[in-house]
>>> print(open('work_37.csv').read())   # CSV, C-alpha atoms and all ligand atoms
chain,number,residue,atom,x,y,z
Q,1,MET,CA,90.1,89.1,62.5
Q,2,ARG,CA,89.2,92.4,64.2
Q,3,ALA,CA,89.9,95.8,62.9
Q,4,LYS,CA,92.7,97.1,65.1
Q,5,PHE,CA,91.6,99.4,67.9
Q,6,ASP,CA,93.5,102.7,67.8
Q,7,ILE,CA,94.7,103.4,71.4
Q,8,ARG,CA,96.2,106.8,70.5
Q,9,SER,CA,93.0,108.2,69.0
Q,10,TRP,CA,91.1,106.9,72.0
Q,11,ILE,CA,93.5,108.7,74.4
Q,12,GLU,CA,93.1,111.9,72.4
Q,13,ASN,CA,89.3,111.6,72.6
Q,14,PRO,CA,88.2,109.1,75.2
Q,15,LYS,CA,84.5,109.3,74.5
Q,16,GLU,CA,83.7,105.5,74.5
Q,17,LEU,CA,84.3,103.3,77.5
Q,18,LEU,CA,87.7,101.6,77.1
Q,19,VAL,CA,87.7,98.0,78.3
Q,20,ILE,CA,90.9,96.2,79.0
Q,21,ALA,CA,90.8,92.5,80.0
Q,22,GLY,CA,93.1,89.6,80.2
Q,23,PRO,CA,94.9,87.4,82.7
Q,24,CYS,CA,96.9,88.7,85.6
Q,25,SER,CA,99.9,86.7,84.3
Q,26,VAL,CA,100.9,84.8,81.2
Q,27,GLU,CA,101.5,81.4,82.7
Q,28,SER,CA,101.8,79.1,79.7
Q,29,GLU,CA,101.2,79.2,76.0
Q,30,THR,CA,98.0,77.2,76.3
Q,31,GLN,CA,96.6,79.2,79.3
Q,32,PHE,CA,97.3,82.5,77.5
Q,33,ALA,CA,96.0,81.4,74.1
Q,34,ASP,CA,92.8,79.8,75.6
Q,35,THR,CA,92.0,83.0,77.5
Q,36,VAL,CA,92.8,85.4,74.7
Q,37,MET,CA,90.7,83.4,72.1
Q,38,GLN,CA,87.7,83.6,74.4
Q,39,ILE,CA,88.2,87.3,75.3
Q,40,LYS,CA,88.6,88.4,71.7
Q,41,ASP,CA,85.0,87.4,70.9
Q,42,ILE,CA,83.7,89.9,73.5
Q,43,GLN,CA,83.1,92.9,71.3
Q,44,SER,CA,83.3,95.5,74.1
Q,45,VAL,CA,86.8,94.5,75.0
Q,46,ASN,CA,89.3,96.8,73.2
Q,47,LEU,CA,92.6,95.8,74.6
Q,48,ILE,CA,94.2,92.7,76.2
Q,49,ARG,CA,96.4,92.9,79.3
Q,50,ALA,CA,98.7,90.2,80.5
Q,51,GLY,CA,101.7,90.4,83.0
Q,52,ILE,CA,105.0,89.0,81.6
Q,53,TRP,CA,107.1,90.1,84.7
Q,54,LYS,CA,105.2,89.9,88.0
Q,55,PRO,CA,106.1,92.0,91.0
Q,56,ARG,CA,105.6,89.5,93.9
Q,57,THR,CA,105.6,90.6,97.5
Q,58,ARG,CA,107.8,87.6,98.5
Q,59,PRO,CA,110.4,85.7,96.5
Q,60,ASN,CA,109.9,82.1,95.3
Q,61,GLY,CA,106.4,82.6,93.9
Q,62,PHE,CA,105.7,82.7,90.2
Q,63,GLU,CA,107.6,85.7,88.9
Q,64,GLY,CA,106.3,85.7,85.4
Q,65,ILE,CA,107.1,83.8,82.2
Q,66,GLY,CA,109.6,86.4,80.9
Q,67,GLU,CA,110.6,87.3,77.4
Q,68,GLU,CA,109.2,84.0,75.9
Q,69,GLY,CA,105.7,85.2,76.7
Q,70,LEU,CA,106.3,88.3,74.6
Q,71,LYS,CA,106.7,86.1,71.5
Q,72,TRP,CA,103.3,84.5,72.2
Q,73,MET,CA,101.8,87.9,72.8
Q,74,ARG,CA,103.1,89.2,69.4
Q,75,HIS,CA,101.8,86.1,67.7
Q,76,LEU,CA,98.3,86.4,69.3
Q,77,ALA,CA,98.3,90.1,68.4
Q,78,ASP,CA,99.1,89.3,64.8
Q,79,THR,CA,96.5,86.5,64.5
Q,80,THR,CA,93.6,88.1,66.4
Q,81,GLY,CA,94.0,91.8,65.4
Q,82,MET,CA,93.7,92.7,69.1
Q,83,PRO,CA,96.2,95.1,70.7
Q,84,PHE,CA,98.1,93.9,73.8
Q,85,MET,CA,99.6,95.6,76.8
Q,86,THR,CA,102.0,94.4,79.5
Q,87,GLU,CA,103.6,95.7,82.7
Q,88,VAL,CA,107.2,97.1,82.6
Q,89,ALA,CA,109.2,97.8,85.7
Q,90,THR,CA,112.8,98.1,84.4
Q,91,PRO,CA,114.5,99.5,81.3
Q,92,GLN,CA,115.2,95.9,80.2
Q,93,HIS,CA,111.5,95.2,80.3
Q,94,VAL,CA,110.9,98.3,78.2
Q,95,GLU,CA,113.6,97.3,75.6
Q,96,GLN,CA,112.1,93.8,75.3
Q,97,ALA,CA,108.5,95.0,75.0
Q,98,LEU,CA,109.4,97.6,72.4
Q,99,ASN,CA,111.4,95.0,70.4
Q,100,HIS,CA,108.4,92.8,70.3
Q,101,LYS,CA,106.2,95.8,69.3
Q,102,ILE,CA,103.8,95.4,72.2
Q,103,ASP,CA,101.0,98.0,71.6
Q,104,ALA,CA,100.9,99.7,75.0
Q,105,LEU,CA,102.6,99.4,78.4
Q,106,TRP,CA,101.5,99.9,82.0
Q,107,ILE,CA,103.5,100.8,85.0
Q,108,GLY,CA,102.6,99.0,88.2
Q,109,ALA,CA,101.6,100.4,91.6
Q,110,ARG,CA,104.8,99.4,93.3
Q,111,THR,CA,106.9,101.0,90.5
Q,112,THR,CA,104.9,104.3,90.5
Q,113,ALA,CA,105.8,104.5,94.2
Q,114,ASN,CA,109.5,104.8,93.4
Q,115,PRO,CA,110.6,108.0,91.6
Q,116,PHE,CA,114.1,106.4,90.8
Q,117,SER,CA,112.4,103.6,88.9
Q,118,ILE,CA,110.0,105.9,87.2
Q,119,GLN,CA,112.9,108.1,86.0
Q,120,GLU,CA,114.7,105.1,84.6
Q,121,LEU,CA,111.6,104.0,82.8
Q,122,ALA,CA,111.0,107.5,81.5
Q,123,ASP,CA,114.7,107.7,80.2
Q,124,SER,CA,114.4,104.3,78.5
Q,125,LEU,CA,111.1,105.3,76.8
Q,126,ARG,CA,112.5,108.6,75.5
Q,127,GLY,CA,111.8,109.0,71.8
Q,128,SER,CA,109.0,106.4,71.8
Q,129,ASP,CA,105.3,107.3,71.2
Q,130,ILE,CA,104.0,104.1,72.8
Q,131,PRO,CA,100.9,104.6,75.0
Q,132,VAL,CA,101.8,104.3,78.7
Q,133,PHE,CA,99.2,103.6,81.4
Q,134,VAL,CA,100.3,104.6,84.9
Q,135,LYS,CA,98.8,102.8,87.9
Q,136,ASN,CA,98.4,104.9,91.1
Q,137,PRO,CA,101.1,104.3,93.7
Q,138,ILE,CA,100.4,101.8,96.5
Q,139,ALA,CA,100.1,104.6,99.1
Q,140,ALA,CA,97.5,107.3,98.8
Q,141,ASP,CA,99.9,110.0,97.6
Q,142,LEU,CA,98.5,111.9,94.7
Q,143,LYS,CA,101.8,113.8,94.2
Q,144,LEU,CA,103.7,110.6,93.5
Q,145,TRP,CA,101.2,109.7,90.8
Q,146,ILE,CA,101.4,113.2,89.3
Q,147,GLY,CA,105.2,113.0,89.5
Q,148,ALA,CA,105.2,109.9,87.3
Q,149,PHE,CA,103.2,111.7,84.6
Q,150,GLU,CA,105.5,114.7,84.8
Q,151,ARG,CA,108.6,112.5,84.4
Q,152,LEU,CA,107.1,110.6,81.5
Q,153,SER,CA,105.9,113.7,79.7
Q,154,SER,CA,109.4,115.3,80.2
Q,155,SER,CA,110.7,112.3,78.2
Q,156,GLY,CA,108.4,113.2,75.3
Q,157,LEU,CA,105.7,110.6,75.9
Q,158,LYS,CA,102.4,112.0,74.7
Q,159,TYR,CA,100.0,109.1,75.1
Q,160,LEU,CA,99.4,108.8,78.9
Q,161,VAL,CA,96.6,107.2,80.8
Q,162,ALA,CA,96.0,106.8,84.5
Q,163,ILE,CA,94.9,103.5,86.1
Q,164,HIS,CA,93.1,103.7,89.4
Q,165,ARG,CA,93.7,100.4,91.3
Q,166,GLY,CA,93.0,101.5,94.8
Q,167,PHE,CA,95.3,102.2,97.8
Q,168,GLN,CA,96.8,100.1,100.5
Q,169,ASP,CA,95.1,101.0,103.8
Q,170,VAL,CA,94.9,99.6,107.3
Q,171,ASN,CA,91.2,99.0,106.8
Q,172,SER,CA,90.0,98.7,103.3
Q,173,ASN,CA,87.1,96.4,103.9
Q,174,PRO,CA,85.4,95.0,101.7
Q,175,TYR,CA,88.0,95.9,99.2
Q,176,ARG,CA,91.6,94.5,98.7
Q,177,ASN,CA,92.7,98.1,98.0
Q,178,ASN,CA,90.7,101.1,99.3
Q,179,PRO,CA,89.4,102.9,96.2
Q,180,ARG,CA,89.4,106.4,97.8
Q,181,TRP,CA,87.5,107.6,94.8
Q,182,GLU,CA,88.3,111.2,95.8
Q,183,LEU,CA,91.9,110.8,94.6
Q,184,PRO,CA,91.2,109.9,90.9
Q,185,ILE,CA,88.5,112.6,91.0
Q,186,GLU,CA,91.1,115.2,92.1
Q,187,LEU,CA,93.6,113.9,89.5
Q,188,HIS,CA,91.0,114.4,86.9
Q,189,ARG,CA,90.2,117.9,88.1
Q,190,LEU,CA,93.9,118.8,88.0
Q,191,TYR,CA,94.7,117.0,84.7
Q,192,PRO,CA,91.5,116.8,82.7
Q,193,ASN,CA,93.4,115.6,79.6
Q,194,ILE,CA,94.6,112.4,81.2
Q,195,PRO,CA,91.9,109.7,80.8
Q,196,ILE,CA,91.4,107.6,83.9
Q,197,ILE,CA,90.5,103.9,83.9
Q,198,THR,CA,89.5,101.8,86.9
Q,199,ASP,CA,91.2,98.5,87.6
Q,200,ILE,CA,88.3,96.9,89.5
Q,201,SER,CA,90.1,93.6,89.9
Q,202,HIS,CA,92.9,95.0,92.0
Q,203,ILE,CA,90.5,97.3,93.9
Q,204,CYS,CA,88.1,94.4,94.8
Q,205,GLY,CA,90.6,91.5,95.3
Q,206,CYS,CA,87.6,89.1,95.0
Q,207,ARG,CA,85.0,88.2,92.4
Q,208,GLU,CA,81.8,88.9,94.4
Q,209,ILE,CA,81.9,92.7,94.3
Q,210,LEU,CA,83.3,93.3,90.8
Q,211,GLN,CA,79.9,94.0,89.2
Q,212,GLU,CA,78.9,96.7,91.7
Q,213,THR,CA,82.3,98.2,91.7
Q,214,ALA,CA,82.3,98.5,87.9
Q,215,GLN,CA,79.0,100.3,88.1
Q,216,LYS,CA,80.2,102.6,90.8
Q,217,ALA,CA,83.3,103.5,88.7
Q,218,LEU,CA,80.9,104.2,85.7
Q,219,ASN,CA,78.6,106.3,87.9
Q,220,LEU,CA,81.7,108.3,88.8
Q,221,ALA,CA,82.5,108.9,85.1
Q,222,THR,CA,85.5,106.6,84.7
Q,223,ASN,CA,86.9,106.5,81.1
Q,224,GLY,CA,87.4,102.7,81.2
Q,225,LEU,CA,87.7,99.5,83.1
Q,226,MET,CA,90.5,97.0,83.6
Q,227,ILE,CA,89.4,93.5,84.5
Q,228,GLU,CA,91.5,90.4,85.1
Q,229,SER,CA,90.2,87.3,83.2
Q,230,HIS,CA,91.6,83.8,83.1
Q,231,CYS,CA,90.4,80.6,81.4
Q,232,GLU,CA,90.6,78.8,84.7
Q,233,PRO,CA,90.6,81.4,87.5
Q,234,GLU,CA,90.9,78.9,90.4
Q,235,LYS,CA,94.1,77.5,88.9
Q,236,ALA,CA,95.7,80.9,88.3
Q,237,LEU,CA,99.3,81.3,89.5
Q,238,THR,CA,98.7,84.9,90.6
Q,239,ASP,CA,95.6,86.7,91.8
Q,240,ALA,CA,93.4,83.6,91.6
Q,241,GLU,CA,90.7,85.0,93.9
Q,242,GLN,CA,89.9,88.0,91.8
Q,243,GLN,CA,90.1,86.7,88.2
Q,244,ILE,CA,86.9,85.7,86.3
Q,245,THR,CA,86.3,83.5,83.3
Q,246,PRO,CA,85.8,85.2,79.9
Q,247,HIS,CA,82.2,83.9,80.2
Q,248,ASP,CA,81.6,85.8,83.4
Q,249,LEU,CA,83.5,88.8,82.0
Q,250,LYS,CA,81.0,89.0,79.1
Q,251,ALA,CA,78.1,88.8,81.6
Q,252,LEU,CA,79.6,91.6,83.8
Q,253,LEU,CA,80.1,93.8,80.7
Q,254,GLU,CA,76.5,93.2,79.5
Q,255,ASN,CA,75.1,94.1,83.0
Q,256,ILE,CA,76.8,97.5,83.4
Q,257,VAL,CA,74.8,100.6,82.6
Q,258,ILE,CA,76.9,103.0,80.6
Q,259,HIS,CA,75.9,106.6,81.1
Q,260,LYS,CA,75.6,109.2,78.4
Q,261,THR,CA,77.8,112.2,79.0
Q,262,ASN,CA,75.0,114.6,78.1
Q,263,SER,CA,71.3,114.8,77.0
Q,264,SER,CA,69.6,118.0,75.9
Q,265,LYS,CA,66.5,117.3,78.0
Q,266,ALA,CA,68.5,116.7,81.2
Q,267,ASP,CA,70.8,119.6,80.3
Q,268,ALA,CA,68.1,122.2,80.6
Q,269,LEU,CA,66.9,120.8,83.9
Q,270,LEU,CA,70.4,120.6,85.3
Q,271,GLN,CA,71.2,124.1,84.2
Q,272,GLU,CA,68.2,125.5,86.2
Q,273,LEU,CA,69.1,123.5,89.3
Q,274,ARG,CA,72.8,124.3,89.0
Q,275,SER,CA,72.1,128.0,88.9
Q,276,GLN,CA,70.1,127.6,92.1
Q,277,ILE,CA,73.1,125.8,93.6
Q,278,ASP,CA,75.5,128.6,92.4
Q,279,SER,CA,73.4,131.3,94.1
Q,280,ILE,CA,73.2,129.3,97.3
Q,281,ASP,CA,77.0,128.8,97.3
Q,282,ASP,CA,77.4,132.5,96.8
Q,283,GLU,CA,75.1,133.2,99.8
Q,284,LEU,CA,77.1,130.7,101.9
Q,285,LEU,CA,80.3,132.4,101.1
Q,286,HIS,CA,78.9,135.8,102.0
Q,287,LEU,CA,77.6,134.4,105.3
Q,288,LEU,CA,80.9,132.7,106.1
Q,289,ALA,CA,82.7,136.0,105.5
Q,290,LYS,CA,80.3,137.8,107.7
Q,291,ARG,CA,80.6,135.2,110.5
Q,292,SER,CA,84.3,135.3,110.3
Q,293,ASP,CA,84.3,139.1,110.7
Q,294,ILE,CA,82.1,138.9,113.8
Q,295,SER,CA,84.4,136.2,115.2
Q,296,ALA,CA,87.4,138.5,114.8
Q,297,LYS,CA,85.5,141.2,116.8
Q,298,ILE,CA,84.8,138.7,119.5
Q,299,GLY,CA,88.6,138.0,119.5
Q,300,ILE,CA,89.4,141.6,120.2
Q,301,ILE,CA,87.0,141.7,123.2
Q,302,LYS,CA,88.5,138.4,124.6
Q,303,LYS,CA,92.0,139.9,124.2
Q,304,GLU,CA,91.0,143.2,125.9
Q,305,ASN,CA,89.5,141.3,128.8
Q,306,ASN,CA,92.3,138.8,129.1
Q,307,LEU,CA,90.0,135.8,128.3
Q,308,THR,CA,91.1,132.5,126.7
Q,309,VAL,CA,90.4,132.2,123.0
Q,310,LEU,CA,89.0,128.7,123.4
Q,311,GLN,CA,85.8,128.7,125.4
Q,312,LEU,CA,85.0,125.0,125.6
Q,313,ASP,CA,81.5,125.4,127.1
Q,314,ARG,CA,80.4,127.7,124.3
Q,315,TRP,CA,81.8,125.3,121.6
Q,316,ASN,CA,80.0,122.3,123.2
Q,317,THR,CA,76.8,124.3,123.3
Q,318,ILE,CA,76.8,125.5,119.7
Q,319,LEU,CA,78.0,122.1,118.4
Q,320,SER,CA,75.1,120.2,120.1
Q,321,GLN,CA,72.6,122.9,119.1
Q,322,HIS,CA,73.7,122.7,115.5
Q,323,LEU,CA,73.7,118.9,115.5
Q,324,ASN,CA,70.1,118.9,116.8
Q,325,LYS,CA,69.0,121.4,114.3
Q,326,GLY,CA,70.8,119.6,111.5
Q,327,LYS,CA,68.9,116.4,112.4
Q,328,THR,CA,65.6,118.1,112.2
Q,329,LEU,CA,66.6,119.4,108.7
Q,330,GLY,CA,67.5,115.9,107.6
Q,331,LEU,CA,71.3,116.6,107.4
Q,332,LYS,CA,73.8,113.8,108.3
Q,333,GLU,CA,75.4,114.3,111.7
Q,334,ASP,CA,78.9,113.7,110.2
Q,335,LEU,CA,78.4,116.5,107.7
Q,336,VAL,CA,77.2,119.1,110.2
Q,337,LYS,CA,80.0,118.1,112.6
Q,338,SER,CA,82.7,118.4,110.0
Q,339,ILE,CA,81.5,121.7,108.7
Q,340,PHE,CA,81.3,123.3,112.2
Q,341,GLU,CA,84.7,121.9,113.2
Q,342,ILE,CA,86.2,123.7,110.2
Q,343,ILE,CA,84.3,126.9,110.9
Q,344,HIS,CA,85.2,126.8,114.6
Q,345,LYS,CA,88.9,126.2,113.7
Q,346,ASP,CA,88.8,129.2,111.5
Q,347,SER,CA,87.3,131.3,114.3
Q,348,ILE,CA,90.1,130.1,116.7
Q,349,ASP,CA,92.8,130.9,114.1
Q,350,ARG,CA,91.4,134.4,113.6
Q,351,GLN,CA,91.3,135.1,117.3
Q,352,LEU,CA,94.8,133.7,118.2
U,401,LIG,C1,98.6,93.7,87.9
U,401,LIG,O1,98.0,94.4,87.2
U,401,LIG,O2,98.6,92.4,87.8
U,401,LIG,C2,99.4,94.2,89.0
U,401,LIG,C3,100.5,93.6,89.5
U,401,LIG,O3,98.8,95.3,89.5
U,401,LIG,P1,99.3,96.4,90.6
U,401,LIG,O4,100.5,97.0,90.1
U,401,LIG,O5,98.1,97.3,90.5
U,401,LIG,O6,99.4,95.7,91.9
U,402,MN,MN,97.0,90.9,89.1
>>> encode(input="work_37.csv", output="structure tokens")
Amino acid sequence: MRAKFDIRSWIENPKELLVIAGPCSVESETQFADTVMQIKDIQSVNLIRAGIWKPRTRPNGFEGIGEEGLKWMRHLADTTGMPFMTEVATPQHVEQALNHKIDALWIGARTTANPFSIQELADSLRGSDIPVFVKNPIAADLKLWIGAFERLSSSGLKYLVAIHRGFQDVNSNPYRNNPRWELPIELHRLYPNIPIITDISHICGCREILQETAQKALNLATNGLMIESHCEPEKALTDAEQQITPHDLKALLENIVIHKTNSSKADALLQELRSQIDSIDDELLHLLAKRSDISAKIGIIKKENNLTVLQLDRWNTILSQHLNKGKTLGLKEDLVKSIFEIIHKDSIDRQL
């Protein structure tokens, strides 16, 4: 039996990579036990996930095994020493999960999208110190995600973690859900004390790109991974295309490169290069301020001479000149174009 992993201590100090794995859904006692018995032997897996209540887009599909599954979960937790987590979407789910002493909970993407549901969950969790993992809302709305953390912390919940599972988008090719990595990065910038783990299974939606997506998440300094694993993925009742066998899960975890957060040799080199970047940034800001002042002077001349603020020919000329120059300097066209669009917009704003 394994020594129990302490989720609360990890949340307070998320230094090591947290690995959560388990089936999308608990389907039967045998499927669940078979899967768990294989996953528990993978040392790098810290926590087992399994959905007991499943949010399905359309009715009449498999909607989860319900409370009975919590008994199997409790039994497997007691016999393996592994901690378990499940998804809650209503106060009844919370009550049942707490009654069965499930180790941690997660809130699904559809629930995070609804502030009424989040408030009900926060109210039903008041007084508990259970760790709660909050998936990003389906839509790319950072404020909704933040709002869920605010509601839960107002209820006194201290152990909170974010799960990045990608966002529904018109075109998310090749992913099932567009990762839009900039959103979890911004969440991390605003709330550095909330660890963020990456649910690569729901981002990818297929097995083929899981490995590279796991590595990408690690390169972007994720605090952990959530990966769906099933003893017979093709027969899974939910998310069959994206689940992997415990055997493949082990291989995936062995193939990832876990980065160090610091190294003294690299630190010295980085410090030198970063101070160069800092002084270049400072120069850029001074130049931008100078350019903006000149642009304001041009605005006065245009006004005095009754000229339009927008001079399309001039804008076309400078844009194509800069794009050409950028090309010779090895800069990406998109980058140069976006920068000058913003600068030009500022000039227009100052002259209006
Ligand atoms: C799940 O984890 O199985 C799930 C339903 O996820 P999401 O809420 O991210 O769609
Ligand atoms: Mn799933």
>>> residues_near_point(input="work_37.csv", point="(92.8, 102.8, 82.9)", cutoff="10 Å", atoms="only C-alpha atoms", output="number ranges by chain")
Q: 18-20, 106, 133-135, 160-165, 194-200, 222-226
>>> write_last_selection(input="work_37.csv", atoms="C-alpha atoms", output="PDB file, keeping the file's coordinate frame")
ATOM      1  CA  LEU Q  18      87.700 101.600  77.100  1.00  0.00           C
ATOM      2  CA  VAL Q  19      87.700  98.000  78.300  1.00  0.00           C
ATOM      3  CA  ILE Q  20      90.900  96.200  79.000  1.00  0.00           C
ATOM      4  CA  TRP Q 106     101.500  99.900  82.000  1.00  0.00           C
ATOM      5  CA  PHE Q 133      99.200 103.600  81.400  1.00  0.00           C
ATOM      6  CA  VAL Q 134     100.300 104.600  84.900  1.00  0.00           C
ATOM      7  CA  LYS Q 135      98.800 102.800  87.900  1.00  0.00           C
ATOM      8  CA  LEU Q 160      99.400 108.800  78.900  1.00  0.00           C
ATOM      9  CA  VAL Q 161      96.600 107.200  80.800  1.00  0.00           C
ATOM     10  CA  ALA Q 162      96.000 106.800  84.500  1.00  0.00           C
ATOM     11  CA  ILE Q 163      94.900 103.500  86.100  1.00  0.00           C
ATOM     12  CA  HIS Q 164      93.100 103.700  89.400  1.00  0.00           C
ATOM     13  CA  ARG Q 165      93.700 100.400  91.300  1.00  0.00           C
ATOM     14  CA  ILE Q 194      94.600 112.400  81.200  1.00  0.00           C
ATOM     15  CA  PRO Q 195      91.900 109.700  80.800  1.00  0.00           C
ATOM     16  CA  ILE Q 196      91.400 107.600  83.900  1.00  0.00           C
ATOM     17  CA  ILE Q 197      90.500 103.900  83.900  1.00  0.00           C
ATOM     18  CA  THR Q 198      89.500 101.800  86.900  1.00  0.00           C
ATOM     19  CA  ASP Q 199      91.200  98.500  87.600  1.00  0.00           C
ATOM     20  CA  ILE Q 200      88.300  96.900  89.500  1.00  0.00           C
ATOM     21  CA  THR Q 222      85.500 106.600  84.700  1.00  0.00           C
ATOM     22  CA  ASN Q 223      86.900 106.500  81.100  1.00  0.00           C
ATOM     23  CA  GLY Q 224      87.400 102.700  81.200  1.00  0.00           C
ATOM     24  CA  LEU Q 225      87.700  99.500  83.100  1.00  0.00           C
ATOM     25  CA  MET Q 226      90.500  97.000  83.600  1.00  0.00           C
TER      26      MET Q 226
END
>>> residues_near_ligand(input="work_37.csv", ligand="ligand LIG 401 (chain U)", cutoff="7 Å", atoms="all atoms listed in the file", output="short mmCIF file (atom, residue, chain, number, x, y, z; two decimals) with C-alpha atoms, in the coordinates of the input")
data_model
loop_
_atom_site.label_atom_id
_atom_site.label_comp_id
_atom_site.auth_asym_id
_atom_site.auth_seq_id
_atom_site.Cartn_x
_atom_site.Cartn_y
_atom_site.Cartn_z
CA CYS Q 24 96.90 88.70 85.60
CA SER Q 25 99.90 86.70 84.30
CA GLY Q 51 101.70 90.40 83.00
CA LYS Q 54 105.20 89.90 88.00
CA PRO Q 55 106.10 92.00 91.00
CA GLY Q 108 102.60 99.00 88.20
CA ALA Q 109 101.60 100.40 91.60
CA ARG Q 110 104.80 99.40 93.30
CA LYS Q 135 98.80 102.80 87.90
CA ARG Q 165 93.70 100.40 91.30
CA HIS Q 202 92.90 95.00 92.00
#
>>> residues_near_point(input="work_37.csv", point="(77.9, 110.7, 81.6)", cutoff="10 Å", atoms="all atoms listed in the file", output="PyMOL selection string")
chain Q and resi 15+218-223+258-263
>>> residues_around(input="work_37.csv", residues="segment 36-44 of chain Q", least_positions_apart="2", cutoff="7 Å", atoms="only C-alpha atoms", output="ChimeraX atom specification")
/Q:19,22,32-34,46,246,250
>>> write_last_selection(input="work_37.csv", atoms="C-alpha atoms", output="PDB file, in the coordinates of the input")
ATOM      1  CA  VAL Q  19      87.700  98.000  78.300  1.00  0.00           C
ATOM      2  CA  GLY Q  22      93.100  89.600  80.200  1.00  0.00           C
ATOM      3  CA  PHE Q  32      97.300  82.500  77.500  1.00  0.00           C
ATOM      4  CA  ALA Q  33      96.000  81.400  74.100  1.00  0.00           C
ATOM      5  CA  ASP Q  34      92.800  79.800  75.600  1.00  0.00           C
ATOM      6  CA  ASN Q  46      89.300  96.800  73.200  1.00  0.00           C
ATOM      7  CA  PRO Q 246      85.800  85.200  79.900  1.00  0.00           C
ATOM      8  CA  LYS Q 250      81.000  89.000  79.100  1.00  0.00           C
TER       9      LYS Q 250
END
>>> atom_distance(input="work_37.csv", atom1="atom CA of Met1 of chain Q", atom2="atom CA of Gly81 of chain Q")
5.6 Å
>>> atom_distance(input="work_37.csv", atom1="atom CA of Ala289 of chain Q", atom2="atom CA of Glu341 of chain Q")
16.2 Å
>>> closest_residue(input="work_37.csv", among="Q:Ile342, Q:Ile52, Q:Ala214, Q:Ala3", to="Asp78 of chain Q", atoms="only C-alpha atoms")
Q:Ala3
>>> closest_residue(input="work_37.csv", among="Q:Leu98, Q:Leu121, Q:Val26, Q:Ile318", to="ligand MN 402 (chain U)", atoms="all atoms listed in the file")
Q:Val26
>>> closest_residue(input="work_37.csv", among="Q:Ser124, Q:Ser292, Q:Ser279, Q:Thr86", to="ligand MN 402 (chain U)", atoms="only C-alpha atoms and all ligand atoms")
Q:Thr86
>>> atom_distance(input="work_37.csv", atom1="atom CA of Thr111 of chain Q", atom2="atom CA of Gly147 of chain Q")
12.2 Å
>>> closest_residue(input="work_37.csv", among="Q:Arg314, Q:His286, Q:Arg56, Q:His322", to="ligand MN 402 (chain U)", atoms="only C-alpha atoms and all ligand atoms")
Q:Arg56
>>> residues_around(input="work_37.csv", residues="Leu335 of chain Q", least_positions_apart="4", cutoff="10 Å", atoms="all atoms listed in the file", output="list in words")
Leu323, Gly326, Leu331, Ile339, Phe340 and Glu341 of chain Q
>>> write_last_selection(input="work_37.csv", atoms="C-alpha atoms", output="mmCIF file, keeping the file's coordinate frame")
data_model
loop_
_atom_site.group_PDB
_atom_site.id
_atom_site.type_symbol
_atom_site.label_atom_id
_atom_site.label_comp_id
_atom_site.auth_asym_id
_atom_site.auth_seq_id
_atom_site.Cartn_x
_atom_site.Cartn_y
_atom_site.Cartn_z
ATOM 1 C CA LEU Q 323 73.700 118.900 115.500
ATOM 2 C CA GLY Q 326 70.800 119.600 111.500
ATOM 3 C CA LEU Q 331 71.300 116.600 107.400
ATOM 4 C CA ILE Q 339 81.500 121.700 108.700
ATOM 5 C CA PHE Q 340 81.300 123.300 112.200
ATOM 6 C CA GLU Q 341 84.700 121.900 113.200
#
>>> closest_residue(input="work_37.csv", among="Q:Ala268, Q:Leu157, Q:Leu187, Q:Ala21", to="ligand MN 402 (chain U)", atoms="only C-alpha atoms and all ligand atoms")
Q:Ala21
>>> closest_residue(input="work_37.csv", among="Q:Ser28, Q:Ile185, Q:Asn60, Q:Pro192", to="Glu12 of chain Q", atoms="all atoms listed in the file")
Q:Pro192
>>> build_atoms(input="work_37.csv", residues="segment 32-38 of chain Q", atoms="N, CA, C and O atoms", output="PDB file, keeping the file's coordinate frame")
ATOM      1  N   PHE Q  32      97.411  81.138  78.037  1.00  0.00           N
ATOM      2  CA  PHE Q  32      97.300  82.500  77.500  1.00  0.00           C
ATOM      3  C   PHE Q  32      96.445  82.442  76.205  1.00  0.00           C
ATOM      4  O   PHE Q  32      95.487  83.218  76.085  1.00  0.00           O
ATOM      5  N   ALA Q  33      96.743  81.501  75.305  1.00  0.00           N
ATOM      6  CA  ALA Q  33      96.000  81.400  74.100  1.00  0.00           C
ATOM      7  C   ALA Q  33      94.509  81.128  74.324  1.00  0.00           C
ATOM      8  O   ALA Q  33      93.608  81.756  73.753  1.00  0.00           O
ATOM      9  N   ASP Q  34      94.232  80.182  75.243  1.00  0.00           N
ATOM     10  CA  ASP Q  34      92.800  79.800  75.600  1.00  0.00           C
ATOM     11  C   ASP Q  34      92.069  81.056  76.032  1.00  0.00           C
ATOM     12  O   ASP Q  34      90.941  81.310  75.605  1.00  0.00           O
ATOM     13  N   THR Q  35      92.705  81.774  76.949  1.00  0.00           N
ATOM     14  CA  THR Q  35      92.000  83.000  77.500  1.00  0.00           C
ATOM     15  C   THR Q  35      91.802  84.009  76.432  1.00  0.00           C
ATOM     16  O   THR Q  35      90.689  84.523  76.279  1.00  0.00           O
ATOM     17  N   VAL Q  36      92.860  84.296  75.671  1.00  0.00           N
ATOM     18  CA  VAL Q  36      92.800  85.400  74.700  1.00  0.00           C
ATOM     19  C   VAL Q  36      91.711  85.004  73.589  1.00  0.00           C
ATOM     20  O   VAL Q  36      90.917  85.856  73.179  1.00  0.00           O
ATOM     21  N   MET Q  37      91.683  83.744  73.162  1.00  0.00           N
ATOM     22  CA  MET Q  37      90.700  83.400  72.100  1.00  0.00           C
ATOM     23  C   MET Q  37      89.294  83.548  72.565  1.00  0.00           C
ATOM     24  O   MET Q  37      88.420  83.843  71.763  1.00  0.00           O
ATOM     25  N   GLN Q  38      89.047  83.402  73.863  1.00  0.00           N
ATOM     26  CA  GLN Q  38      87.700  83.600  74.400  1.00  0.00           C
ATOM     27  C   GLN Q  38      87.400  85.130  74.514  1.00  0.00           C
ATOM     28  O   GLN Q  38      86.330  85.608  74.179  1.00  0.00           O
TER      29      GLN Q  38
END
